[in-house]
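Notes for the one structure printed next.
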Amino acid sequence: MITKTVPVMGTVVSILYDVEEGQEDESEPAIAASFAAASQHLQRIDERFSTYRHDSIISRFRVGDLAESPQDLLEVIELCAQAQQLSLGHFDPWYASEGFDPTGLVKGWALEEARIQLERHSDIPVLVNGGGDITVTKGSRWRVGIQHPFIADSIIRVTEATAALATSGTYQRENHLFSPLGLPLQTVSATVSSNQRSLAIVDALATALAVGGLDLLPHLEALEDLEAYLITATGEQAYTSNFSFLDPT
């Protein structure tokens with residue numbers, strides 16, 4: 001296993017290459033090329049979609065300073081509309097008082113775009129992880145630990161990532177999640193996974209589950225190719241019927 005990291009989007013994105021032992025030197029050129037392409041792509045997306053940059057397309061869109069919306073912005077807006085509908089309004093980037101804020105979806109979208117860049121430059125199986133949002137090469141299987149929300153540096157469950165997996169919650173950073181429907185927050189950790197849906201949608205639904213909590217879980221259960229797991233502020237664990245838990249050993 002070879003790991004490369006790049007600080008971007010307010011976190012550190014880790015890219016894990018599943019290289020067989022003894023093949024590290026042979027794989028290095030492909031890894032270097034793919035990592036460079038993915039890093040540049042992530043940095044470009046960060047520059048264009050950061051809500052903290054006054055010159056980003058999101059900031060300019062908010063103040064009506066775009067004569068025409070670029071294609072990547074239109075794609076993000078469409079994905080946000082899909083996520084809002086799928087989440088029954090628990091994910092709503094139009095809710096923020098500052099204006100349109102797709103942050104809860106853009107990171108997942110960016111990581112998936114980075115994975116596509118990696119696959120274009122190398123056939124080595126990869127896992128891309130940005131703050132608990134994970135996308136992996138199609139057809140590969142990765143053991144992933146879910147952070148314990150009450151015990152630092154501890155894993156509460158182990159699951160398997162085969163396509164897209166995202167986490168959200170308040171256990172690492174408080175006061176950054178708000179319910180668009182005005183509900184009190186009762187969930188400290190939310191994880192959503194899918195074999196077919198994009199990480200952008202999975203990322204947004206993890207945010208929705210973090211604010212919707214137990215009330216949203218039955219709806220997610222009914223959605224095709226989607227599994228969810230949450231932990232409430234009182235320590236209660238709840239999950240959809242087919243969420244994959246692995247033996248931690």
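Within each chain, counting starts at residue 1; across the structure tokens, chains are named A, B, ... in the order shown, with ligands numbered 1 upward in that order.
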Env of A:Thr11: 9 Å cut, atoms = only C-alpha atoms, seq-sep filter 5 positions within chain, self excluded. Answer as a PDB file with C-alpha atoms, in the first residue's frame.
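That gives us part.pdb:
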```
ATOM      1  CA  VAL A   6      -2.745  16.659  -0.477  1.00  0.00           C
ATOM      2  CA  GLY A 130     -11.301  13.337   2.315  1.00  0.00           C
ATOM      3  CA  GLY A 131     -12.408  13.787   5.907  1.00  0.00           C
TER       4      GLY A 131
END
```
Can you tell me which residues surround A:Leu111 at a distance of at most 7 Å, considering only C-alpha atoms, apart from same-chain residues fewer than 3 positions away, and format the answer as a list in words?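 Returned residues: Lys107, Gly108, Ala114, Arg115, Val128 and Thr135 of chain A.
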So how far away is atom CA of A:Thr207 from atom CA of A:Thr234, in Å?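 Result for atom CA of A:Thr234 versus atom CA of A:Thr207: 19.0 Å, one decimal.
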Taking 3 positions as the minimum chain separation for residues in the same chain, which residues sit within 8 Å of A:Asp92 when counting only C-alpha atoms? Answer as an MDAnalysis selection string. chainID A and resid 80 84 89 95 180
Helix (DSSP H, G or I) positions in stretch 12-237 of chain A, given as an MDAnalysis selection string: chainID A and resid 24:49 57:62 71:86 103:121 199:215 217:222
Which residues are close to A:Asp123, i.e. within 12 Å by only C-alpha atoms, leaving aside same-chain residues fewer than 6 positions away? Reply as a PyMOL selection string. chain A and resi 17-19+27+30-31+33-34+115-117+137-140
Distance query A:Gln237 at most 12 Å, only C-alpha atoms, self and fewer than 2 positions along chain excluded, as a CSV table (one decimal) with C-alpha atoms, in the first residue's frame:
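This went into selection.csv:
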```csv
chain,number,residue,atom,x,y,z
A,148,HIS,CA,-16.2,6.5,17.5
A,149,PRO,CA,-17.9,9.8,18.2
A,156,ILE,CA,-16.8,2.0,16.7
A,157,ARG,CA,-17.6,-0.2,13.7
A,186,GLN,CA,-30.0,14.6,17.8
A,187,THR,CA,-27.4,12.7,15.7
A,188,VAL,CA,-23.6,13.0,16.4
A,189,SER,CA,-22.5,10.7,13.6
A,190,ALA,CA,-24.1,9.6,10.3
A,191,THR,CA,-22.7,7.3,7.6
A,213,GLY,CA,-31.6,11.6,12.4
A,214,LEU,CA,-33.9,8.7,13.2
A,217,LEU,CA,-33.7,6.7,8.5
A,228,ALA,CA,-27.2,4.2,6.4
A,229,TYR,CA,-25.9,4.1,10.0
A,230,LEU,CA,-26.2,6.7,12.7
A,231,ILE,CA,-25.4,7.3,16.3
A,232,THR,CA,-27.5,9.6,18.4
A,233,ALA,CA,-26.3,12.0,21.1
A,234,THR,CA,-27.4,9.4,23.7
A,235,GLY,CA,-25.3,6.7,22.1
A,239,TYR,CA,-29.0,1.4,10.7
A,240,THR,CA,-30.7,0.2,7.6
```
Using only C-alpha atoms, which of A:Ser39, A:Thr103, A:Thr3, A:Gln71 sits nearest A:Leu118? A:Ser39
Filtered DSSP result for stretch 72-195 of chain A, state strand (DSSP E or B), as a PyMOL selection string: chain A and resi 126-130+133-136+142-147+155-161+164-169+187-194
Between A:Ile15, A:Ala81, A:Leu226, A:Ala210, which residue has the minimum interatomic distance to A:Ile124, considering only C-alpha atoms?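 For A:Ile124, the nearest of the given residues is A:Ile15.
Relative to atom CA of A:Phe35, atom CA of A:Arg120 is found at 10.8 Å.
Counting from atom CA of A:Arg197, the distance to atom CA of A:Pro184 is 28.3 Å.
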Excluding A:Pro70 and residues on its chain fewer than 6 positions from it, collect all residues at most 12 Å away from it, counting only C-alpha atoms, and give them as a CSV table (one decimal) with N, CA and C atoms, in the first residue's frame.
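So part.csv came out as:
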```
chain,number,residue,atom,x,y,z
A,48,ARG,N,-12.5,27.1,-7.4
A,48,ARG,CA,-13.7,27.5,-8.1
A,48,ARG,C,-15.0,27.4,-7.1
A,49,PHE,N,-14.9,26.5,-6.1
A,49,PHE,CA,-16.2,26.3,-5.4
A,49,PHE,C,-16.0,26.7,-3.9
A,56,SER,N,-14.3,33.0,-6.2
A,56,SER,CA,-14.8,31.7,-6.7
A,56,SER,C,-16.1,31.9,-7.4
A,57,ILE,N,-16.4,30.9,-8.2
A,57,ILE,CA,-17.7,31.0,-9.0
A,57,ILE,C,-18.9,30.9,-8.0
A,58,ILE,N,-18.7,30.2,-6.9
A,58,ILE,CA,-19.8,30.2,-5.9
A,58,ILE,C,-20.1,31.6,-5.4
A,60,ARG,N,-19.2,34.5,-6.6
A,60,ARG,CA,-19.7,35.3,-7.7
A,60,ARG,C,-21.2,35.0,-8.1
A,61,PHE,N,-21.6,33.7,-8.0
A,61,PHE,CA,-22.9,33.3,-8.3
A,61,PHE,C,-23.9,33.9,-7.2
A,76,VAL,N,-23.3,20.9,-10.5
A,76,VAL,CA,-23.4,20.9,-9.0
A,76,VAL,C,-24.8,21.4,-8.6
A,77,ILE,N,-25.4,22.4,-9.2
A,77,ILE,CA,-26.7,22.8,-8.9
A,77,ILE,C,-27.7,21.7,-9.2
```
Exercise: A:Trp109 partners within 7 Å, only C-alpha atoms, chain neighbours under 4 positions left out, as JSON, numbers by chain: {"A": [105, 113, 199, 200]}
I need the residue nearest A:Ala164 from this list: A:Asp225, A:Phe150, A:Leu181, A:Gln40. Use only C-alpha atoms for the distance. A:Asp225
May I ask which of the residues A:Leu209, A:Met1, A:Val63, A:Ile151 is the closest one to A:Val126, counting only C-alpha atoms? A:Met1
